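Novice: Could you have a look at this structure, given as structure tokens, before my questions?
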Amino acid sequence: KTLAGKDLSKLTRLCLNFFGVTNFSDAGVGPLFASLSPHLTHLELDFELNPKLSDASLKKLAEGMPQGLGYLRLNFFSCDKFTDEGLAAFAETFPQHLTGLKLNFFHNEGFSSDGMTCLVQRIPLSVRELKCYFRTKE
């Protein structure tokens, strides 16, 4: 598994910032999420201000989610095409040994309180540090 020709299969920590990269689409993040190392224990991804990402991106992230993660930080601020369906698909794959979880879905008005409730109900009991930012359509 590679990203720009680099072998990612042995990584245990990964931080990528795509802040304001407006040409990233669901098709573009699919290979990135599929290439996440199963050995990752720490993952930080920043896609703030990316108007092209949708539920398909959240579902691809869910499919590639390394189950050994202890820390997960995701910033999808103002990625406003997400809905409750994408949030639920993402929440179903939370690694069961997470101790730190930071999620920013602020200015994503496609979520309702139902979607946020679904996500909160799936947060593993192992989480000791939790920060979530949301803004719903309600």
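Residues in the structure tokens are named by chain (A, B, ... in the order shown) and by number from 1 within that chain; ligands are numbered from 1 in the order shown.
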Mind checking which residues fall within 6 Å of stretch 116-132 of chain A, counting only C-alpha atoms, ignoring those fewer than 2 positions away in the same chain, and posting them as a PyMOL selection string?
Specialist: chain A and resi 91+96-104+113-114
Novice: Could you write out the selected residues, including C-alpha atoms, as a PDB file, in the first residue's frame?
Specialist:
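Below is the file that was written, result.pdb:
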ATOM      1  CA  ALA A  91     -19.412   5.185  13.630  1.00  0.00           C
ATOM      2  CA  GLN A  96     -12.634  -0.884  20.234  1.00  0.00           C
ATOM      3  CA  HIS A  97      -9.388   0.157  21.942  1.00  0.00           C
ATOM      4  CA  LEU A  98      -9.568   3.897  21.272  1.00  0.00           C
ATOM      5  CA  THR A  99      -8.544   6.027  24.231  1.00  0.00           C
ATOM      6  CA  GLY A 100      -8.538   9.400  22.450  1.00  0.00           C
ATOM      7  CA  LEU A 101     -11.143  10.642  19.986  1.00  0.00           C
ATOM      8  CA  LYS A 102     -11.440  14.146  18.516  1.00  0.00           C
ATOM      9  CA  LEU A 103     -13.977  14.805  15.777  1.00  0.00           C
ATOM     10  CA  ASN A 104     -14.807  18.098  14.099  1.00  0.00           C
ATOM     11  CA  SER A 113     -29.592  14.873  16.238  1.00  0.00           C
ATOM     12  CA  ASP A 114     -30.359  11.263  15.199  1.00  0.00           C
TER      13      ASP A 114
END
Novice: Would you kindly return, as a ChimeraX atom specification, each protein, DNA or RNA residue with an atom no farther than 8 Å from any atom of A:His42, considering only C-alpha atoms and excluding same-chain residues fewer than 2 positions away?
Specialist: /A:12-14,40,44,69-72
Novice: With only C-alpha atoms as the atoms that count, which of A:Lys59, A:His107, A:His39, A:Lys10 lies nearest to A:Phe77?
Specialist: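 Among the listed residues, the smallest separation from A:Phe77 belongs to A:His107.
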Novice: Measuring between only C-alpha atoms, which one of A:Val21, A:Ala89, A:Leu36, A:Leu8 shows the shortest distance to A:Pro66?
Specialist: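 Comparing A:Val21, A:Ala89, A:Leu36, A:Leu8 against A:Pro66, the winner is A:Leu36.
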Novice: When you count only C-alpha atoms, which of these residues is closest to A:Phe18: A:Ser35, A:Asn75, A:Ser57, A:Thr83?
Specialist: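 Going through A:Ser35, A:Asn75, A:Ser57, A:Thr83 one by one, the smallest distance to A:Phe18 is for A:Asn75.
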Novice: Write out as a list in words all residues of stretch 63-123 of chain A that backbone DSSP assigns to helix (DSSP H, G or I).
Specialist: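 Helix (DSSP H, G or I) assignments inside stretch 63-123 of chain A correspond to Glu63, Gly64, Asp84, Glu85, Gly86, Leu87, Ala88, Ala89, Phe90, Ala91, Ser113, Asp114, Gly115, Met116, Thr117, Cys118, Leu119, Val120 and Gln121 of chain A.
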Novice: Considering only C-alpha atoms, can you say which of A:Gly115, A:Pro31, A:Gly68, A:Pro51 comes closest to A:Glu92?
Specialist: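 Checking each candidate against A:Glu92, we get A:Gly115 as the closest.
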Novice: List every residue of stretch 4-131 of chain A that DSSP, applied to the backbone, labels as strand (DSSP E or B), and write the result as a list in words.
Specialist: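 These are the residues in question: Lys6, Asp7, Arg13, Leu14, Cys15, Leu16, Asn17, His42, Leu43, Glu44, Leu45, Asp46, Ser54, Tyr71, Leu72, Arg73, Leu74, Asn75, Lys81, Gly100, Leu101, Lys102, Leu103, Asn104, Phe105, Glu129, Leu130 and Lys131 of chain A.
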Novice: Near A:Leu49, within 12 Å and counting only C-alpha atoms, which residues show up once chain neighbours fewer than 3 positions away are dropped, as a PyMOL selection string?
Specialist: chain A and resi 17-24+46+52-53+75-81+104-108
Novice: Restricting the calculation to only C-alpha atoms: of A:Leu61, A:Pro38, A:Leu43, A:Leu11, which residue gets closest to A:Asp26?
Specialist: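 Looking at the shortest contact to A:Asp26, the residue is A:Leu61.
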Novice: Give the answer as one residue: which of A:Leu74, A:Met65, A:Cys15, A:Leu58 has the shortest atom-to-atom distance to A:Ser37, using only C-alpha atoms?
Specialist: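 Smallest separation from A:Ser37 among the options: A:Met65.
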Novice: Grab the atom CA of A:Ala27 to atom CA of A:Glu63 distance for me, in Å with one decimal place.
Specialist: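 Atom-to-atom, atom CA of A:Ala27 to atom CA of A:Glu63, that is 14.1 Å.
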Novice: Please indicate the distance in Å from atom CA of A:Phe90 to atom CA of A:Asp55, rounded to one decimal place.
Specialist: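 Between these atoms lies a distance of 9.0 Å.
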